[in-house]
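Participant: Provided below: query_13.txt, containing compact mmCIF, C-alpha atoms.
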# COMPACT_ATOMS: atom_id res chain seq x y z
CA SER E 34 3.56 -29.43 -92.01
CA THR E 35 4.85 -32.30 -89.89
CA SER E 36 5.87 -34.24 -92.99
CA LEU E 37 7.66 -31.25 -94.48
CA LEU E 38 9.62 -30.67 -91.29
CA ALA E 39 10.56 -34.35 -91.14
CA LEU E 40 11.71 -34.27 -94.77
CA ASN E 41 13.91 -31.31 -93.82
CA GLY E 42 15.71 -33.27 -91.15
CA PHE E 43 13.64 -32.39 -88.08
CA SER E 44 12.23 -34.79 -85.53
CA VAL E 45 8.77 -33.58 -84.55
CA LEU E 46 7.18 -33.86 -81.10
CA LEU E 47 3.40 -33.30 -80.91
CA THR E 48 2.12 -33.03 -77.33
CA ASN E 49 -1.35 -33.40 -75.82
CA TYR E 50 -0.74 -30.92 -73.00
CA ARG E 51 -3.32 -30.78 -70.22
CA GLY E 52 -6.06 -28.56 -71.61
CA SER E 53 -5.95 -29.91 -75.16
CA THR E 54 -8.46 -32.36 -76.61
CA GLY E 55 -8.52 -36.15 -76.73
CA TYR E 56 -8.73 -37.10 -73.06
CA GLY E 57 -12.18 -35.92 -72.01
CA GLN E 58 -13.78 -32.73 -70.78
CA ASP E 59 -12.08 -32.69 -67.37
CA PHE E 60 -8.72 -32.80 -69.14
CA VAL E 61 -9.73 -29.81 -71.27
CA GLU E 62 -11.12 -27.78 -68.37
CA SER E 63 -8.04 -28.40 -66.22
CA LEU E 64 -6.34 -25.52 -68.03
CA THR E 65 -8.88 -22.91 -66.93
CA GLY E 66 -7.05 -20.19 -65.04
CA LYS E 67 -3.67 -21.85 -65.67
CA VAL E 68 -2.95 -20.85 -69.25
CA GLY E 69 0.65 -19.84 -69.83
CA ARG E 70 1.80 -22.06 -66.98
CA GLN E 71 0.29 -25.56 -66.99
CA ASP E 72 0.26 -25.91 -70.78
CA VAL E 73 3.74 -24.40 -71.17
CA ASP E 74 5.20 -26.60 -68.43
CA ASP E 75 3.65 -29.71 -70.01
CA MET E 76 5.19 -28.87 -73.38
CA HIS E 77 8.58 -28.16 -71.88
CA GLN E 78 8.59 -31.31 -69.76
CA ALA E 79 7.61 -33.43 -72.76
CA ALA E 80 10.51 -31.96 -74.73
CA LEU E 81 13.01 -32.56 -71.93
CA GLU E 82 11.89 -36.15 -71.43
CA THR E 83 12.05 -36.85 -75.16
CA LEU E 84 15.55 -35.40 -75.37
CA GLU E 85 16.61 -37.62 -72.49
CA ARG E 86 15.03 -40.80 -73.84
CA LYS E 87 16.32 -40.26 -77.37
CA ALA E 88 19.67 -38.73 -76.47
CA ASP E 89 21.49 -40.98 -78.93
CA PHE E 90 19.30 -39.72 -81.78
CA LEU E 91 18.40 -36.10 -81.01
CA ASP E 92 20.60 -33.00 -80.76
CA ALA E 93 19.69 -31.12 -77.58
CA ASP E 94 21.45 -28.01 -78.92
CA LYS E 95 19.08 -27.78 -81.90
CA VAL E 96 15.61 -27.61 -80.39
CA THR E 97 12.98 -25.23 -81.78
CA ALA E 98 9.31 -24.43 -81.16
CA CYS E 99 6.67 -24.15 -83.86
CA GLY E 100 2.89 -23.74 -83.81
CA GLY E 101 -0.15 -21.69 -84.75
CA SER E 102 -2.77 -19.87 -82.67
CA HIS E 103 -2.53 -21.41 -79.19
CA GLY E 104 0.41 -23.42 -80.47
CA GLY E 105 2.06 -20.13 -81.36
CA PHE E 106 1.21 -18.84 -77.89
CA LEU E 107 2.99 -21.87 -76.41
CA SER E 108 5.99 -21.57 -78.73
CA LEU E 109 6.58 -17.93 -77.80
CA HIS E 110 6.26 -18.79 -74.12
CA LEU E 111 8.88 -21.51 -74.56
CA VAL E 112 11.49 -19.22 -76.13
CA GLY E 113 10.61 -16.55 -73.56
CA GLN E 114 10.75 -18.73 -70.48
CA PHE E 115 13.24 -21.42 -71.52
CA GLY E 116 15.44 -19.73 -74.09
CA ASP E 117 18.42 -21.86 -73.11
CA VAL E 118 16.61 -24.88 -74.58
CA TYR E 119 14.65 -23.48 -77.55
CA LYS E 120 16.93 -21.92 -80.14
CA ALA E 121 14.18 -20.50 -82.41
CA ALA E 122 10.42 -20.17 -82.81
CA ALA E 123 8.28 -20.00 -85.94
CA VAL E 124 4.64 -19.17 -85.27
CA ARG E 125 1.47 -18.58 -87.29
CA ASN E 126 -1.14 -16.08 -86.07
CA PRO E 127 -0.06 -16.50 -82.43
CA VAL E 128 -1.79 -15.17 -79.34
CA THR E 129 0.84 -12.83 -77.90
CA ASN E 130 -1.09 -10.69 -75.44
CA ILE E 131 -4.46 -11.85 -74.11
CA ALA E 132 -5.03 -8.47 -72.46
CA THR E 133 -5.30 -6.71 -75.81
CA MET E 134 -7.51 -9.39 -77.36
CA TYR E 135 -10.61 -8.88 -75.20
CA GLY E 136 -12.33 -6.33 -77.41
CA ALA E 137 -10.96 -7.45 -80.77
CA THR E 138 -11.24 -11.25 -81.08
CA ASP E 139 -14.34 -13.10 -82.27
CA ILE E 140 -14.03 -15.39 -79.22
CA PRO E 141 -13.73 -13.04 -76.21
CA ASP E 142 -15.10 -15.85 -74.03
CA TRP E 143 -11.83 -17.72 -74.63
CA CYS E 144 -9.87 -14.86 -73.08
CA TYR E 145 -11.95 -14.87 -69.92
CA THR E 146 -12.16 -18.66 -69.63
CA GLU E 147 -8.48 -19.36 -70.11
CA CYS E 148 -7.56 -16.72 -67.57
CA GLY E 149 -10.12 -18.05 -65.09
CA SER E 150 -12.09 -14.80 -65.03
CA GLU E 151 -15.81 -14.06 -64.98
CA PRO E 152 -16.85 -12.48 -68.29
CA THR E 153 -17.42 -8.71 -68.18
CA TYR E 154 -17.81 -8.10 -71.89
CA ALA E 155 -18.64 -4.42 -71.61
CA GLN E 156 -15.35 -3.57 -69.94
CA PRO E 157 -12.70 -5.90 -68.47
CA THR E 158 -11.48 -4.80 -65.07
CA ALA E 159 -7.97 -3.58 -64.37
CA GLU E 160 -7.34 -6.82 -62.50
CA GLN E 161 -8.46 -8.87 -65.51
CA TYR E 162 -6.19 -6.92 -67.84
CA SER E 163 -3.25 -7.38 -65.50
CA LYS E 164 -3.85 -11.10 -65.03
CA ALA E 165 -4.27 -11.66 -68.77
CA PHE E 166 -1.00 -9.88 -69.50
CA SER E 167 0.88 -11.88 -66.89
CA MET E 168 -0.26 -15.12 -68.56
CA SER E 169 0.83 -14.00 -72.04
CA PRO E 170 4.09 -14.36 -73.97
CA MET E 171 4.35 -10.57 -73.99
CA ALA E 172 5.19 -10.73 -70.29
CA HIS E 173 8.42 -12.54 -71.22
CA VAL E 174 9.32 -10.73 -74.44
CA SER E 175 12.28 -8.92 -72.88
CA LYS E 176 13.94 -12.28 -72.16
CA ILE E 177 13.79 -13.62 -75.71
CA LYS E 178 17.20 -14.08 -77.32
CA SER E 179 16.29 -16.74 -79.89
CA PRO E 180 15.28 -15.85 -83.48
CA VAL E 181 11.51 -15.56 -84.01
CA MET E 182 9.45 -15.70 -87.20
CA LEU E 183 5.83 -14.51 -87.23
CA LEU E 184 3.47 -15.51 -90.06
CA VAL E 185 0.36 -13.33 -90.07
CA GLY E 186 -2.97 -13.30 -91.91
CA ASN E 187 -4.18 -9.71 -92.12
CA ALA E 188 -7.87 -10.77 -92.19
CA ASP E 189 -7.69 -12.95 -89.07
CA ARG E 190 -10.67 -12.34 -86.78
CA ARG E 191 -9.75 -15.01 -84.25
CA VAL E 192 -6.32 -13.66 -83.34
CA PRO E 193 -6.19 -10.11 -84.76
CA PRO E 194 -2.99 -9.35 -86.69
CA PHE E 195 -2.03 -6.56 -84.30
CA GLN E 196 -1.14 -9.33 -81.83
CA SER E 197 1.84 -10.25 -83.98
CA LYS E 198 2.64 -6.60 -84.66
CA GLU E 199 2.84 -5.90 -80.93
CA PHE E 200 5.29 -8.73 -80.47
CA PHE E 201 7.31 -7.87 -83.58
CA TYR E 202 7.85 -4.26 -82.53
CA ALA E 203 8.62 -5.23 -78.93
CA LEU E 204 11.36 -7.57 -80.17
CA LYS E 205 12.63 -5.08 -82.74
CA GLU E 206 12.95 -2.38 -80.10
CA ARG E 207 15.21 -4.72 -78.13
CA GLY E 208 17.37 -5.52 -81.13
CA ALA E 209 16.21 -9.11 -81.30
CA ASN E 210 16.33 -11.31 -84.38
CA VAL E 211 12.72 -11.28 -85.61
CA GLU E 212 11.01 -11.62 -88.99
CA MET E 213 7.37 -11.19 -89.98
CA LEU E 214 5.65 -12.50 -93.10
CA TRP E 215 2.35 -10.78 -93.92
CA TYR E 216 -0.33 -12.60 -95.91
CA ASP E 217 -2.92 -10.28 -97.41
CA LYS E 218 -6.57 -11.47 -97.39
CA HIS E 219 -5.71 -14.54 -95.31
CA THR E 220 -7.49 -15.52 -92.09
CA HIS E 221 -6.61 -17.59 -89.06
CA GLY E 222 -5.51 -20.78 -90.78
CA LEU E 223 -3.54 -19.09 -93.60
CA THR E 224 -5.09 -21.63 -95.96
CA GLU E 225 -6.98 -19.40 -98.39
CA THR E 226 -4.36 -19.73 -101.14
CA PRO E 227 -1.33 -21.93 -101.89
CA LYS E 228 0.81 -18.88 -101.10
CA GLY E 229 -0.46 -18.66 -97.55
CA GLU E 230 -0.13 -22.36 -96.79
CA GLY E 231 2.71 -23.53 -99.01
CA ASP E 232 4.82 -20.38 -98.84
CA GLY E 233 4.39 -20.27 -95.08
CA LEU E 234 5.52 -23.85 -94.52
CA VAL E 235 8.52 -23.50 -96.81
CA ASN E 236 9.61 -20.30 -95.07
CA ILE E 237 9.22 -21.93 -91.66
CA CYS E 238 11.57 -24.72 -92.70
CA LEU E 239 14.09 -22.31 -94.21
CA PHE E 240 13.96 -20.05 -91.16
CA LEU E 241 14.47 -22.87 -88.65
CA ARG E 242 17.31 -24.41 -90.64
CA LYS E 243 19.05 -21.03 -90.81
CA ALA E 244 18.51 -20.36 -87.09
CA LEU E 245 20.13 -23.71 -86.26
CA GLY E 246 23.03 -23.27 -88.64
CA MET E 247 21.81 -26.00 -90.97
CA PRO E 248 22.50 -25.67 -94.73
CA ALA E 249 19.58 -24.58 -96.90
CA GLN E 250 18.04 -27.27 -99.09
What is this file in structure tokens?
Facilitator:
Amino acid sequence: STSLLALNGFSVLLTNYRGSTGYGQDFVESLTGKVGRQDVDDMHQAALETLERKADFLDADKVTACGGSHGGFLSLHLVGQFGDVYKAAAVRNPVTNIATMYGATDIPDWCYTECGSEPTYAQPTAEQYSKAFSMSPMAHVSKIKSPVMLLVGNADRRVPPFQSKEFFYALKERGANVEMLWYDKHTHGLTETPKGEGDGLVNICLFLRKALGMPAQ
């Protein structure tokens, strides 16, 4: 995906935000209870610093966000919280609302851990639901002005497809520019068939180029 974006004229920034892997367990666990803030701020700061350092090479008016799963979560946060910087987002099977994932995902422990809550698998408390929502992109959906593309596998057990549906309808209701591509019999990685993987990547490139006013290739 990185190569395809580069071939389409994009410079690609990949960030090891605090909470991702590669720098030890303490680095990973630092995100507990800070999801939607620490990770989002790290991504945004990395983008701003890169734009400053490479100002002679990069166009600060043509910045987008792209990612899948937690990367999709981050991308939607970026267009929701910093829409003046990020002009579009293309996301695959993104987490959009942690509060509605508790009883549907195959990793409910992730929901509790990332939100810094004690697991209560039988029934999350009202406080846990409220906290989870506040940490989610859905809490910022009303502020999104940039075009958004959602790519969804209808057999995803990790991030259930209704997560994308929630976000799609919330944006549609507000008259926002949003598209959704639905991949039947595809799971979290959208890699079951060439259609899911190849078609998805091609449509991401086309969507981002269109959103930025770049000619189609």
Participant: Which residues are near stretch 153-161 of chain E? Cut-off 10 Å, all atoms listed in the file, ignore same chain within fewer than 5 positions. Put them as a VMD selection string.
Facilitator: chain E and resid 131 to 132 135 to 136 141 to 142 144 to 145 148 166 to 167
Participant: Please compute the atom CA of E:Gly246-atom CA of E:Ala121 distance, one decimal, in Å.
Facilitator: 11.2 Å
Participant: Would you kindly return, as an MDAnalysis selection string, each protein, DNA or RNA residue with an atom no farther than 8 Å from any atom of E:Trp215, considering only C-alpha atoms and excluding same-chain residues fewer than 6 positions away?
Facilitator: chainID E and resid 184:187
Participant: Rounded to one decimal, what separation in Å do you get between atom CA of E:Leu223 and atom CA of E:Leu107?
Facilitator: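 Atom CA of E:Leu107 lies 18.6 Å from atom CA of E:Leu223.
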Participant: Atom CA of E:Arg190 and atom CA of E:Ile140 are how many Å apart?
Facilitator: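 Separating atom CA of E:Arg190 from atom CA of E:Ile140 is a distance of 8.8 Å.
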